[in-house]
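This is upload.txt (compact mmCIF, N, CA and C atoms).
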```
# COMPACT_ATOMS: atom_id res chain seq x y z
N MET A 1 80.26 49.26 -3.71
CA MET A 1 79.24 50.17 -4.23
C MET A 1 77.88 49.47 -4.11
N THR A 2 76.90 50.21 -3.63
CA THR A 2 75.57 49.65 -3.44
C THR A 2 74.81 49.57 -4.75
N THR A 3 73.78 48.74 -4.75
CA THR A 3 72.96 48.62 -5.97
C THR A 3 72.26 49.94 -6.27
N GLN A 4 71.96 50.72 -5.24
CA GLN A 4 71.34 52.03 -5.44
C GLN A 4 72.27 52.96 -6.23
N LYS A 5 73.54 52.96 -5.85
CA LYS A 5 74.50 53.83 -6.55
C LYS A 5 74.73 53.34 -7.97
N ILE A 6 74.77 52.03 -8.15
CA ILE A 6 74.94 51.47 -9.49
C ILE A 6 73.75 51.84 -10.36
N ALA A 7 72.53 51.71 -9.82
CA ALA A 7 71.32 52.06 -10.57
C ALA A 7 71.33 53.54 -10.95
N ALA A 8 71.74 54.40 -10.03
CA ALA A 8 71.80 55.83 -10.32
C ALA A 8 72.84 56.11 -11.41
N ARG A 9 73.98 55.45 -11.35
CA ARG A 9 75.01 55.64 -12.39
C ARG A 9 74.51 55.16 -13.75
N VAL A 10 73.81 54.03 -13.75
CA VAL A 10 73.25 53.51 -15.00
C VAL A 10 72.26 54.52 -15.58
N LEU A 11 71.40 55.09 -14.74
CA LEU A 11 70.44 56.08 -15.22
C LEU A 11 71.12 57.35 -15.71
N ARG A 12 72.21 57.75 -15.07
CA ARG A 12 72.96 58.91 -15.57
C ARG A 12 73.54 58.60 -16.95
N ALA A 13 74.08 57.40 -17.10
CA ALA A 13 74.63 57.01 -18.41
C ALA A 13 73.54 56.96 -19.46
N ILE A 14 72.37 56.45 -19.10
CA ILE A 14 71.25 56.40 -20.05
C ILE A 14 70.81 57.82 -20.40
N GLY A 15 70.82 58.72 -19.43
CA GLY A 15 70.49 60.11 -19.72
C GLY A 15 71.43 60.70 -20.75
N MET A 16 72.73 60.44 -20.60
CA MET A 16 73.70 60.93 -21.59
C MET A 16 73.48 60.28 -22.95
N LEU A 17 73.14 58.99 -22.94
CA LEU A 17 72.89 58.27 -24.19
C LEU A 17 71.65 58.82 -24.90
N LEU A 18 70.59 59.09 -24.15
CA LEU A 18 69.39 59.67 -24.75
C LEU A 18 69.68 61.05 -25.34
N PHE A 19 70.47 61.83 -24.64
CA PHE A 19 70.86 63.15 -25.14
C PHE A 19 71.66 62.99 -26.44
N ALA A 20 72.59 62.05 -26.44
CA ALA A 20 73.39 61.79 -27.64
C ALA A 20 72.51 61.32 -28.80
N LEU A 21 71.51 60.49 -28.50
CA LEU A 21 70.60 60.04 -29.55
C LEU A 21 69.81 61.21 -30.15
N GLY A 22 69.48 62.18 -29.32
CA GLY A 22 68.83 63.38 -29.83
C GLY A 22 69.72 64.12 -30.81
N ILE A 23 70.99 64.23 -30.48
CA ILE A 23 71.95 64.89 -31.38
C ILE A 23 72.09 64.09 -32.67
N VAL A 24 72.16 62.76 -32.56
CA VAL A 24 72.27 61.91 -33.75
C VAL A 24 71.05 62.11 -34.65
N HIS A 25 69.86 62.17 -34.06
CA HIS A 25 68.65 62.41 -34.85
C HIS A 25 68.74 63.73 -35.60
N LEU A 26 69.18 64.75 -34.91
CA LEU A 26 69.27 66.06 -35.55
C LEU A 26 70.34 66.07 -36.65
N LEU A 27 71.46 65.40 -36.40
CA LEU A 27 72.51 65.33 -37.42
C LEU A 27 72.10 64.49 -38.63
N ALA A 28 71.23 63.50 -38.40
CA ALA A 28 70.79 62.63 -39.49
C ALA A 28 69.70 63.28 -40.34
N THR A 29 69.05 64.28 -39.82
CA THR A 29 67.93 64.91 -40.52
C THR A 29 68.25 65.34 -41.95
N PRO A 30 69.37 65.98 -42.21
CA PRO A 30 69.65 66.40 -43.60
C PRO A 30 69.78 65.24 -44.59
N HIS A 31 69.97 64.03 -44.11
CA HIS A 31 70.11 62.87 -44.99
C HIS A 31 68.78 62.26 -45.42
N ILE A 32 67.70 62.68 -44.81
CA ILE A 32 66.39 62.10 -45.11
C ILE A 32 65.97 62.33 -46.56
N PRO A 33 66.11 63.53 -47.11
CA PRO A 33 65.71 63.69 -48.52
C PRO A 33 66.42 62.70 -49.46
N SER A 34 67.69 62.46 -49.23
CA SER A 34 68.40 61.52 -50.11
C SER A 34 67.93 60.08 -49.88
N LEU A 35 67.53 59.76 -48.66
CA LEU A 35 67.00 58.42 -48.39
C LEU A 35 65.67 58.19 -49.12
N LEU A 36 64.90 59.26 -49.28
CA LEU A 36 63.60 59.17 -49.96
C LEU A 36 63.70 59.41 -51.46
N SER A 37 64.88 59.74 -51.96
CA SER A 37 65.02 60.14 -53.36
C SER A 37 64.65 59.04 -54.35
N GLY A 38 64.69 57.79 -53.95
CA GLY A 38 64.30 56.70 -54.86
C GLY A 38 62.80 56.49 -54.94
N SER A 39 62.06 57.24 -54.16
CA SER A 39 60.61 57.11 -54.14
C SER A 39 60.00 57.79 -55.37
N PRO A 40 58.81 57.37 -55.75
CA PRO A 40 58.10 58.11 -56.81
C PRO A 40 57.92 59.56 -56.38
N ALA A 41 57.89 60.47 -57.34
CA ALA A 41 57.84 61.91 -57.07
C ALA A 41 56.68 62.29 -56.14
N ALA A 42 55.51 61.72 -56.38
CA ALA A 42 54.34 62.05 -55.55
C ALA A 42 54.55 61.60 -54.11
N VAL A 43 55.15 60.45 -53.93
CA VAL A 43 55.43 59.95 -52.57
C VAL A 43 56.48 60.83 -51.91
N TYR A 44 57.52 61.16 -52.64
CA TYR A 44 58.59 62.00 -52.10
C TYR A 44 58.02 63.34 -51.61
N VAL A 45 57.23 63.99 -52.43
CA VAL A 45 56.68 65.30 -52.09
C VAL A 45 55.82 65.22 -50.83
N ARG A 46 55.05 64.14 -50.72
CA ARG A 46 54.17 64.00 -49.55
C ARG A 46 54.91 63.55 -48.31
N ALA A 47 56.02 62.82 -48.47
CA ALA A 47 56.69 62.22 -47.33
C ALA A 47 57.84 63.04 -46.76
N VAL A 48 58.53 63.80 -47.59
CA VAL A 48 59.75 64.45 -47.13
C VAL A 48 59.50 65.44 -45.99
N GLY A 49 58.49 66.27 -46.09
CA GLY A 49 58.18 67.24 -45.03
C GLY A 49 57.87 66.58 -43.70
N PRO A 50 56.89 65.65 -43.66
CA PRO A 50 56.59 64.98 -42.40
C PRO A 50 57.77 64.19 -41.83
N MET A 51 58.57 63.58 -42.71
CA MET A 51 59.73 62.83 -42.23
C MET A 51 60.76 63.76 -41.59
N LEU A 52 61.00 64.89 -42.22
CA LEU A 52 61.94 65.87 -41.65
C LEU A 52 61.43 66.39 -40.32
N LEU A 53 60.15 66.76 -40.29
CA LEU A 53 59.55 67.25 -39.05
C LEU A 53 59.63 66.21 -37.95
N ASN A 54 59.30 64.97 -38.26
CA ASN A 54 59.35 63.89 -37.28
C ASN A 54 60.76 63.74 -36.72
N HIS A 55 61.75 63.71 -37.60
CA HIS A 55 63.13 63.52 -37.14
C HIS A 55 63.60 64.69 -36.27
N VAL A 56 63.25 65.90 -36.66
CA VAL A 56 63.64 67.07 -35.86
C VAL A 56 62.93 67.05 -34.50
N LEU A 57 61.63 66.76 -34.49
CA LEU A 57 60.90 66.73 -33.22
C LEU A 57 61.43 65.65 -32.29
N VAL A 58 61.69 64.47 -32.82
CA VAL A 58 62.23 63.40 -31.98
C VAL A 58 63.59 63.83 -31.42
N GLY A 59 64.42 64.40 -32.27
CA GLY A 59 65.73 64.85 -31.80
C GLY A 59 65.62 65.90 -30.72
N ILE A 60 64.75 66.89 -30.94
CA ILE A 60 64.57 67.95 -29.96
C ILE A 60 64.02 67.38 -28.65
N LEU A 61 63.08 66.46 -28.71
CA LEU A 61 62.48 65.91 -27.50
C LEU A 61 63.41 64.96 -26.75
N LEU A 62 64.31 64.30 -27.47
CA LEU A 62 65.27 63.43 -26.79
C LEU A 62 66.28 64.23 -25.96
N LEU A 63 66.56 65.45 -26.36
CA LEU A 63 67.53 66.27 -25.62
C LEU A 63 67.07 66.53 -24.17
N PRO A 64 65.88 67.09 -23.93
CA PRO A 64 65.47 67.28 -22.54
C PRO A 64 65.17 65.97 -21.82
N LEU A 65 64.73 64.96 -22.54
CA LEU A 65 64.50 63.66 -21.90
C LEU A 65 65.82 63.11 -21.34
N GLY A 66 66.86 63.18 -22.15
CA GLY A 66 68.16 62.73 -21.67
C GLY A 66 68.71 63.59 -20.56
N TYR A 67 68.59 64.90 -20.73
CA TYR A 67 69.11 65.83 -19.72
C TYR A 67 68.40 65.67 -18.37
N THR A 68 67.08 65.61 -18.39
CA THR A 68 66.36 65.49 -17.12
C THR A 68 66.60 64.13 -16.47
N THR A 69 66.80 63.09 -17.28
CA THR A 69 67.14 61.79 -16.71
C THR A 69 68.50 61.86 -16.02
N TRP A 70 69.46 62.49 -16.67
CA TRP A 70 70.80 62.62 -16.10
C TRP A 70 70.77 63.45 -14.82
N VAL A 71 70.08 64.59 -14.86
CA VAL A 71 70.02 65.47 -13.68
C VAL A 71 69.31 64.77 -12.52
N ALA A 72 68.16 64.16 -12.80
CA ALA A 72 67.40 63.51 -11.73
C ALA A 72 68.19 62.35 -11.12
N ALA A 73 68.88 61.58 -11.96
CA ALA A 73 69.69 60.48 -11.42
C ALA A 73 70.87 61.00 -10.62
N SER A 74 71.37 62.17 -10.98
CA SER A 74 72.51 62.75 -10.27
C SER A 74 72.13 63.26 -8.89
N VAL A 75 70.93 63.83 -8.73
CA VAL A 75 70.55 64.42 -7.44
C VAL A 75 69.67 63.50 -6.60
N ARG A 76 69.25 62.40 -7.15
CA ARG A 76 68.34 61.52 -6.43
C ARG A 76 68.94 61.01 -5.12
N GLN A 77 70.23 60.80 -5.09
CA GLN A 77 70.90 60.29 -3.88
C GLN A 77 70.79 61.25 -2.71
N ARG A 78 70.54 62.52 -3.00
CA ARG A 78 70.40 63.51 -1.92
C ARG A 78 69.00 63.52 -1.33
N GLY A 79 68.16 62.59 -1.78
CA GLY A 79 66.82 62.50 -1.23
C GLY A 79 65.82 63.44 -1.85
N GLU A 80 66.12 63.97 -3.02
CA GLU A 80 65.21 64.87 -3.71
C GLU A 80 64.01 64.08 -4.23
N GLY A 81 62.83 64.34 -3.69
CA GLY A 81 61.63 63.59 -4.08
C GLY A 81 61.24 63.79 -5.54
N TRP A 82 61.44 64.99 -6.06
CA TRP A 82 61.08 65.25 -7.45
C TRP A 82 61.91 64.40 -8.40
N ALA A 83 63.14 64.07 -8.00
CA ALA A 83 64.02 63.32 -8.89
C ALA A 83 63.46 61.93 -9.18
N THR A 84 62.93 61.29 -8.17
CA THR A 84 62.35 59.96 -8.38
C THR A 84 61.14 60.05 -9.30
N ARG A 85 60.31 61.05 -9.12
CA ARG A 85 59.13 61.22 -9.99
C ARG A 85 59.55 61.47 -11.44
N VAL A 86 60.57 62.28 -11.63
CA VAL A 86 61.07 62.54 -12.99
C VAL A 86 61.62 61.25 -13.61
N LEU A 87 62.36 60.49 -12.83
CA LEU A 87 62.93 59.24 -13.35
C LEU A 87 61.84 58.24 -13.72
N VAL A 88 60.81 58.14 -12.90
CA VAL A 88 59.70 57.23 -13.21
C VAL A 88 58.99 57.69 -14.48
N ALA A 89 58.70 58.99 -14.57
CA ALA A 89 58.03 59.51 -15.77
C ALA A 89 58.87 59.29 -17.02
N ASN A 90 60.16 59.59 -16.95
CA ASN A 90 61.03 59.40 -18.10
C ASN A 90 61.15 57.93 -18.48
N THR A 91 61.17 57.06 -17.49
CA THR A 91 61.23 55.62 -17.77
C THR A 91 59.97 55.17 -18.49
N LEU A 92 58.82 55.64 -18.06
CA LEU A 92 57.57 55.29 -18.75
C LEU A 92 57.57 55.80 -20.19
N VAL A 93 58.08 57.00 -20.40
CA VAL A 93 58.15 57.55 -21.76
C VAL A 93 59.06 56.68 -22.63
N VAL A 94 60.23 56.35 -22.12
CA VAL A 94 61.18 55.54 -22.90
C VAL A 94 60.62 54.15 -23.14
N LEU A 95 59.88 53.62 -22.18
CA LEU A 95 59.28 52.29 -22.34
C LEU A 95 58.26 52.26 -23.47
N THR A 96 57.63 53.39 -23.76
CA THR A 96 56.67 53.43 -24.87
C THR A 96 57.34 53.39 -26.23
N MET A 97 58.62 53.71 -26.29
CA MET A 97 59.30 53.78 -27.58
C MET A 97 59.34 52.43 -28.32
N PRO A 98 59.84 51.35 -27.70
CA PRO A 98 59.85 50.08 -28.45
C PRO A 98 58.44 49.58 -28.74
N LEU A 99 57.51 49.86 -27.85
CA LEU A 99 56.12 49.46 -28.09
C LEU A 99 55.56 50.20 -29.30
N SER A 100 55.86 51.48 -29.41
CA SER A 100 55.40 52.27 -30.55
C SER A 100 56.01 51.76 -31.85
N ILE A 101 57.26 51.38 -31.80
CA ILE A 101 57.92 50.85 -33.00
C ILE A 101 57.21 49.59 -33.48
N VAL A 102 56.94 48.69 -32.55
CA VAL A 102 56.27 47.43 -32.91
C VAL A 102 54.87 47.70 -33.47
N ILE A 103 54.16 48.64 -32.87
CA ILE A 103 52.78 48.93 -33.29
C ILE A 103 52.74 49.63 -34.66
N PHE A 104 53.61 50.61 -34.87
CA PHE A 104 53.49 51.45 -36.05
C PHE A 104 54.40 51.07 -37.22
N MET A 105 55.46 50.37 -36.97
CA MET A 105 56.40 50.03 -38.03
C MET A 105 56.20 48.57 -38.43
N ARG A 106 55.14 48.30 -39.13
CA ARG A 106 54.75 46.93 -39.46
C ARG A 106 55.36 46.41 -40.76
N ASN A 107 55.86 47.29 -41.60
CA ASN A 107 56.42 46.88 -42.88
C ASN A 107 57.73 46.11 -42.65
N PRO A 108 57.82 44.85 -43.08
CA PRO A 108 59.05 44.06 -42.87
C PRO A 108 60.28 44.68 -43.51
N GLU A 109 60.08 45.53 -44.50
CA GLU A 109 61.22 46.18 -45.18
C GLU A 109 62.03 47.03 -44.20
N TYR A 110 61.37 47.65 -43.22
CA TYR A 110 62.08 48.49 -42.26
C TYR A 110 63.11 47.68 -41.49
N TYR A 111 62.77 46.44 -41.18
CA TYR A 111 63.61 45.61 -40.33
C TYR A 111 64.80 45.01 -41.07
N ALA A 112 64.98 45.40 -42.33
CA ALA A 112 66.16 44.98 -43.09
C ALA A 112 67.23 46.07 -43.06
N ALA A 113 66.89 47.25 -42.59
CA ALA A 113 67.85 48.36 -42.55
C ALA A 113 68.70 48.28 -41.27
N PRO A 114 70.01 48.16 -41.43
CA PRO A 114 70.89 48.02 -40.25
C PRO A 114 70.77 49.16 -39.24
N LEU A 115 70.69 50.41 -39.70
CA LEU A 115 70.57 51.51 -38.75
C LEU A 115 69.25 51.46 -37.98
N PHE A 116 68.19 51.09 -38.68
CA PHE A 116 66.88 50.96 -38.02
C PHE A 116 66.94 49.86 -36.97
N LEU A 117 67.51 48.71 -37.33
CA LEU A 117 67.62 47.60 -36.38
C LEU A 117 68.49 47.98 -35.18
N THR A 118 69.55 48.72 -35.44
CA THR A 118 70.40 49.17 -34.34
C THR A 118 69.61 50.07 -33.40
N GLY A 119 68.87 51.00 -33.97
CA GLY A 119 68.05 51.89 -33.16
C GLY A 119 66.98 51.16 -32.37
N VAL A 120 66.32 50.21 -33.01
CA VAL A 120 65.28 49.43 -32.33
C VAL A 120 65.89 48.63 -31.18
N GLY A 121 67.00 47.98 -31.45
CA GLY A 121 67.66 47.20 -30.40
C GLY A 121 68.12 48.07 -29.25
N LEU A 122 68.69 49.21 -29.58
CA LEU A 122 69.17 50.14 -28.56
C LEU A 122 68.04 50.67 -27.70
N VAL A 123 66.95 51.08 -28.32
CA VAL A 123 65.84 51.63 -27.54
C VAL A 123 65.18 50.53 -26.69
N ALA A 124 65.14 49.31 -27.18
CA ALA A 124 64.58 48.21 -26.38
C ALA A 124 65.46 47.93 -25.16
N ILE A 125 66.77 47.88 -25.37
CA ILE A 125 67.69 47.63 -24.26
C ILE A 125 67.65 48.77 -23.25
N ILE A 126 67.68 50.00 -23.76
CA ILE A 126 67.63 51.17 -22.87
C ILE A 126 66.37 51.14 -22.01
N SER A 127 65.23 50.86 -22.63
CA SER A 127 63.97 50.89 -21.86
C SER A 127 63.96 49.81 -20.79
N LEU A 128 64.45 48.62 -21.11
CA LEU A 128 64.47 47.54 -20.11
C LEU A 128 65.45 47.83 -18.98
N VAL A 129 66.60 48.39 -19.32
CA VAL A 129 67.59 48.73 -18.30
C VAL A 129 67.06 49.85 -17.41
N MET A 130 66.37 50.83 -18.00
CA MET A 130 65.77 51.90 -17.21
C MET A 130 64.74 51.34 -16.23
N VAL A 131 63.90 50.43 -16.70
CA VAL A 131 62.90 49.82 -15.82
C VAL A 131 63.60 49.11 -14.66
N ALA A 132 64.62 48.32 -14.96
CA ALA A 132 65.34 47.60 -13.90
C ALA A 132 65.97 48.57 -12.90
N ALA A 133 66.61 49.63 -13.42
CA ALA A 133 67.27 50.59 -12.55
C ALA A 133 66.27 51.34 -11.67
N ILE A 134 65.15 51.74 -12.25
CA ILE A 134 64.18 52.48 -11.46
C ILE A 134 63.53 51.57 -10.40
N LEU A 135 63.35 50.30 -10.73
CA LEU A 135 62.82 49.36 -9.73
C LEU A 135 63.80 49.19 -8.56
N VAL A 136 65.09 49.15 -8.86
CA VAL A 136 66.10 49.08 -7.80
C VAL A 136 66.03 50.33 -6.92
N LEU A 137 65.92 51.49 -7.56
CA LEU A 137 65.84 52.73 -6.79
C LEU A 137 64.57 52.79 -5.94
N LEU A 138 63.45 52.38 -6.52
CA LEU A 138 62.20 52.41 -5.77
C LEU A 138 62.21 51.41 -4.62
N ARG A 139 62.79 50.24 -4.85
CA ARG A 139 62.89 49.23 -3.79
C ARG A 139 63.76 49.76 -2.66
N GLY A 140 64.85 50.41 -2.99
CA GLY A 140 65.72 50.99 -1.97
C GLY A 140 65.06 52.11 -1.21
N ARG A 141 64.25 52.88 -1.91
CA ARG A 141 63.52 53.98 -1.27
C ARG A 141 62.49 53.45 -0.27
N SER A 142 61.77 52.38 -0.65
CA SER A 142 60.76 51.83 0.25
C SER A 142 61.40 51.11 1.43
N SER A 143 62.56 50.48 1.23
CA SER A 143 63.21 49.79 2.34
C SER A 143 63.88 50.77 3.30
N SER A 144 64.29 51.96 2.81
CA SER A 144 64.89 52.95 3.69
C SER A 144 63.83 53.64 4.55
N ARG A 145 62.58 53.63 4.10
CA ARG A 145 61.49 54.22 4.88
C ARG A 145 60.99 53.28 5.97
N ALA A 146 61.22 51.98 5.78
CA ALA A 146 60.69 50.99 6.73
C ALA A 146 61.48 50.95 8.01
```

Go ahead and express the file in the form of structure tokens.
Amino acid sequence: MTTQKIAARVLRAIGMLLFALGIVHLLATPHIPSLLSGSPAAVYVRAVGPMLLNHVLVGILLLPLGYTTWVAASVRQRGEGWATRVLVANTLVVLTMPLSIVIFMRNPEYYAAPLFLTGVGLVAIISLVMVAAILVLLRGRSSSRA
């Protein structure tokens, strides 16, 4: 099996994983109010709505991100030019995720939560693997044109 085929399979698997993460986000949404229940009442009232909205939006947006990654990786071998562009765009989007976490989640308390750490680790690994896979695909594309 060529590195091109391996990279495409890895991207298909990542597409399925991103889709699954979207479902996990949506399934976890009803648990947010109970996670915030220990907060002072004023904090709870101000935080619960935006937290629910954030979780739902992330879940909804992960679904097409995963699906388009899977589809583009599946058809890319047929020489579909749009597929490479979709994979590059999706890789850039996923690459912003760990950077956003580092920039916006500065409270050390967050990094004590096992689920949060699992998510951070997973998104960091996914983004790096996507970058490696897309570089393999792009390198193969440029060498096949030469």

Original post:
Got a sec to tell me which of chain A DSSP assigns to alpha helix (DSSP H), as a ChimeraX atom specification?
Top reply: /A:3-28,32-36,41-75,81-104,114-145

**OP:** Could you please determine the separation between CA of Leu26 (chain A) and CA of Ile60 (chain A) in Å, to one decimal place?
**Re:**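 Here the two named atoms are 7.5 Å from each other.
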
Original post:
Taking only N, CA and C atoms into account, which of A:Ala42, A:Val129, A:Leu11, A:Leu95 comes nearest Thr69 (chain A)?
Top reply: A:Leu11

Original post:
Of the candidates A:Ala112, A:Ile126, A:Met51, A:Leu63, which shows the shortest atom-to-atom distance to Val94 (chain A), using only N, CA and C atoms?
Top reply: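 Of A:Ala112, A:Ile126, A:Met51, A:Leu63, the one nearest Val94 (chain A) is A:Ile126, counting only N, CA and C atoms.
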
Original post:
CA of Asn90 (chain A) and atom C of Leu65 (chain A) are how many Å apart?
Top reply: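 Separating CA of Asn90 (chain A) from atom C of Leu65 (chain A) is a distance of 6.9 Å.
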
**OP:** Write out as a list in words the residues lying within 6 Å of Thr91 (chain A), counting all atoms listed in the file and excluding same-chain residues fewer than 4 positions away.
**Re:**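 Result of the neighbour search: Val86, Leu87, Leu95, Met130 and Val131 of chain A.
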
Subject >> Among the residues A:Gly59, A:Gly140, A:Gly79, A:Gly38, the one that comes closest to Gln4 (chain A) [using all atoms listed in the file] >> reply: A:Gly140

**OP:** Pick out the residues sitting within 6 Å of Trp70 (chain A), and hand them over as a PyMOL selection string; count all atoms listed in the file, and ignore anything fewer than 4 positions along from it in its own chain.
**Re:** chain A and resi 11-12+15-16+65-66+74

**OP:** To one decimal in Å, tell me the separation between CA of Ala124 (chain A) and atom C of Pro98 (chain A).
**Re:**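 Interatomic distance here is 6.7 Å.
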
Could you add N, CA, C and O atoms to region 73-94 of chain A and give me the result as a PDB file, in the coordinates of the input?
```
ATOM      1  N   ALA A  73      68.880  61.580 -11.960  1.00  0.00           N
ATOM      2  CA  ALA A  73      69.690  60.480 -11.420  1.00  0.00           C
ATOM      3  C   ALA A  73      70.870  61.000 -10.620  1.00  0.00           C
ATOM      4  O   ALA A  73      71.300  60.370  -9.649  1.00  0.00           O
ATOM      5  N   SER A  74      71.370  62.170 -10.980  1.00  0.00           N
ATOM      6  CA  SER A  74      72.510  62.750 -10.270  1.00  0.00           C
ATOM      7  C   SER A  74      72.130  63.260  -8.890  1.00  0.00           C
ATOM      8  O   SER A  74      72.919  63.167  -7.960  1.00  0.00           O
ATOM      9  N   VAL A  75      70.930  63.830  -8.730  1.00  0.00           N
ATOM     10  CA  VAL A  75      70.550  64.420  -7.440  1.00  0.00           C
ATOM     11  C   VAL A  75      69.670  63.500  -6.600  1.00  0.00           C
ATOM     12  O   VAL A  75      69.412  63.806  -5.441  1.00  0.00           O
ATOM     13  N   ARG A  76      69.250  62.400  -7.150  1.00  0.00           N
ATOM     14  CA  ARG A  76      68.340  61.520  -6.430  1.00  0.00           C
ATOM     15  C   ARG A  76      68.940  61.010  -5.120  1.00  0.00           C
ATOM     16  O   ARG A  76      68.254  60.850  -4.125  1.00  0.00           O
ATOM     17  N   GLN A  77      70.230  60.800  -5.090  1.00  0.00           N
ATOM     18  CA  GLN A  77      70.900  60.290  -3.880  1.00  0.00           C
ATOM     19  C   GLN A  77      70.790  61.250  -2.710  1.00  0.00           C
ATOM     20  O   GLN A  77      70.922  60.844  -1.566  1.00  0.00           O
ATOM     21  N   ARG A  78      70.540  62.520  -3.000  1.00  0.00           N
ATOM     22  CA  ARG A  78      70.400  63.510  -1.920  1.00  0.00           C
ATOM     23  C   ARG A  78      69.000  63.520  -1.330  1.00  0.00           C
ATOM     24  O   ARG A  78      68.678  64.360  -0.513  1.00  0.00           O
ATOM     25  N   GLY A  79      68.160  62.590  -1.780  1.00  0.00           N
ATOM     26  CA  GLY A  79      66.820  62.500  -1.230  1.00  0.00           C
ATOM     27  C   GLY A  79      65.820  63.440  -1.850  1.00  0.00           C
ATOM     28  O   GLY A  79      64.768  63.706  -1.263  1.00  0.00           O
ATOM     29  N   GLU A  80      66.120  63.970  -3.020  1.00  0.00           N
ATOM     30  CA  GLU A  80      65.210  64.870  -3.710  1.00  0.00           C
ATOM     31  C   GLU A  80      64.010  64.080  -4.230  1.00  0.00           C
ATOM     32  O   GLU A  80      64.164  63.240  -5.117  1.00  0.00           O
ATOM     33  N   GLY A  81      62.830  64.340  -3.690  1.00  0.00           N
ATOM     34  CA  GLY A  81      61.630  63.590  -4.080  1.00  0.00           C
ATOM     35  C   GLY A  81      61.240  63.790  -5.540  1.00  0.00           C
ATOM     36  O   GLY A  81      60.782  62.853  -6.194  1.00  0.00           O
ATOM     37  N   TRP A  82      61.440  64.990  -6.060  1.00  0.00           N
ATOM     38  CA  TRP A  82      61.080  65.250  -7.450  1.00  0.00           C
ATOM     39  C   TRP A  82      61.910  64.400  -8.400  1.00  0.00           C
ATOM     40  O   TRP A  82      61.439  64.028  -9.472  1.00  0.00           O
ATOM     41  N   ALA A  83      63.140  64.070  -8.000  1.00  0.00           N
ATOM     42  CA  ALA A  83      64.020  63.320  -8.890  1.00  0.00           C
ATOM     43  C   ALA A  83      63.460  61.930  -9.180  1.00  0.00           C
ATOM     44  O   ALA A  83      63.499  61.467 -10.328  1.00  0.00           O
ATOM     45  N   THR A  84      62.930  61.290  -8.170  1.00  0.00           N
ATOM     46  CA  THR A  84      62.350  59.960  -8.380  1.00  0.00           C
ATOM     47  C   THR A  84      61.140  60.050  -9.300  1.00  0.00           C
ATOM     48  O   THR A  84      60.987  59.220 -10.203  1.00  0.00           O
ATOM     49  N   ARG A  85      60.310  61.050  -9.120  1.00  0.00           N
ATOM     50  CA  ARG A  85      59.130  61.220  -9.990  1.00  0.00           C
ATOM     51  C   ARG A  85      59.550  61.470 -11.440  1.00  0.00           C
ATOM     52  O   ARG A  85      58.944  60.933 -12.360  1.00  0.00           O
ATOM     53  N   VAL A  86      60.570  62.280 -11.630  1.00  0.00           N
ATOM     54  CA  VAL A  86      61.070  62.540 -12.990  1.00  0.00           C
ATOM     55  C   VAL A  86      61.620  61.250 -13.610  1.00  0.00           C
ATOM     56  O   VAL A  86      61.346  60.943 -14.770  1.00  0.00           O
ATOM     57  N   LEU A  87      62.360  60.490 -12.830  1.00  0.00           N
ATOM     58  CA  LEU A  87      62.930  59.240 -13.350  1.00  0.00           C
ATOM     59  C   LEU A  87      61.840  58.240 -13.720  1.00  0.00           C
ATOM     60  O   LEU A  87      61.932  57.559 -14.744  1.00  0.00           O
ATOM     61  N   VAL A  88      60.810  58.140 -12.900  1.00  0.00           N
ATOM     62  CA  VAL A  88      59.700  57.230 -13.210  1.00  0.00           C
ATOM     63  C   VAL A  88      58.990  57.690 -14.480  1.00  0.00           C
ATOM     64  O   VAL A  88      58.712  56.887 -15.380  1.00  0.00           O
ATOM     65  N   ALA A  89      58.700  58.990 -14.570  1.00  0.00           N
ATOM     66  CA  ALA A  89      58.030  59.510 -15.770  1.00  0.00           C
ATOM     67  C   ALA A  89      58.870  59.290 -17.020  1.00  0.00           C
ATOM     68  O   ALA A  89      58.367  58.826 -18.055  1.00  0.00           O
ATOM     69  N   ASN A  90      60.160  59.590 -16.950  1.00  0.00           N
ATOM     70  CA  ASN A  90      61.030  59.400 -18.100  1.00  0.00           C
ATOM     71  C   ASN A  90      61.150  57.930 -18.480  1.00  0.00           C
ATOM     72  O   ASN A  90      61.204  57.586 -19.661  1.00  0.00           O
ATOM     73  N   THR A  91      61.170  57.060 -17.490  1.00  0.00           N
ATOM     74  CA  THR A  91      61.230  55.620 -17.770  1.00  0.00           C
ATOM     75  C   THR A  91      59.970  55.170 -18.490  1.00  0.00           C
ATOM     76  O   THR A  91      60.047  54.403 -19.456  1.00  0.00           O
ATOM     77  N   LEU A  92      58.820  55.640 -18.060  1.00  0.00           N
ATOM     78  CA  LEU A  92      57.570  55.290 -18.750  1.00  0.00           C
ATOM     79  C   LEU A  92      57.570  55.800 -20.190  1.00  0.00           C
ATOM     80  O   LEU A  92      57.121  55.088 -21.098  1.00  0.00           O
ATOM     81  N   VAL A  93      58.080  57.000 -20.400  1.00  0.00           N
ATOM     82  CA  VAL A  93      58.150  57.550 -21.760  1.00  0.00           C
ATOM     83  C   VAL A  93      59.060  56.680 -22.630  1.00  0.00           C
ATOM     84  O   VAL A  93      58.703  56.307 -23.743  1.00  0.00           O
ATOM     85  N   VAL A  94      60.230  56.350 -22.120  1.00  0.00           N
ATOM     86  CA  VAL A  94      61.180  55.540 -22.900  1.00  0.00           C
ATOM     87  C   VAL A  94      60.620  54.150 -23.140  1.00  0.00           C
ATOM     88  O   VAL A  94      60.823  53.565 -24.207  1.00  0.00           O
TER      89      VAL A  94
END
```
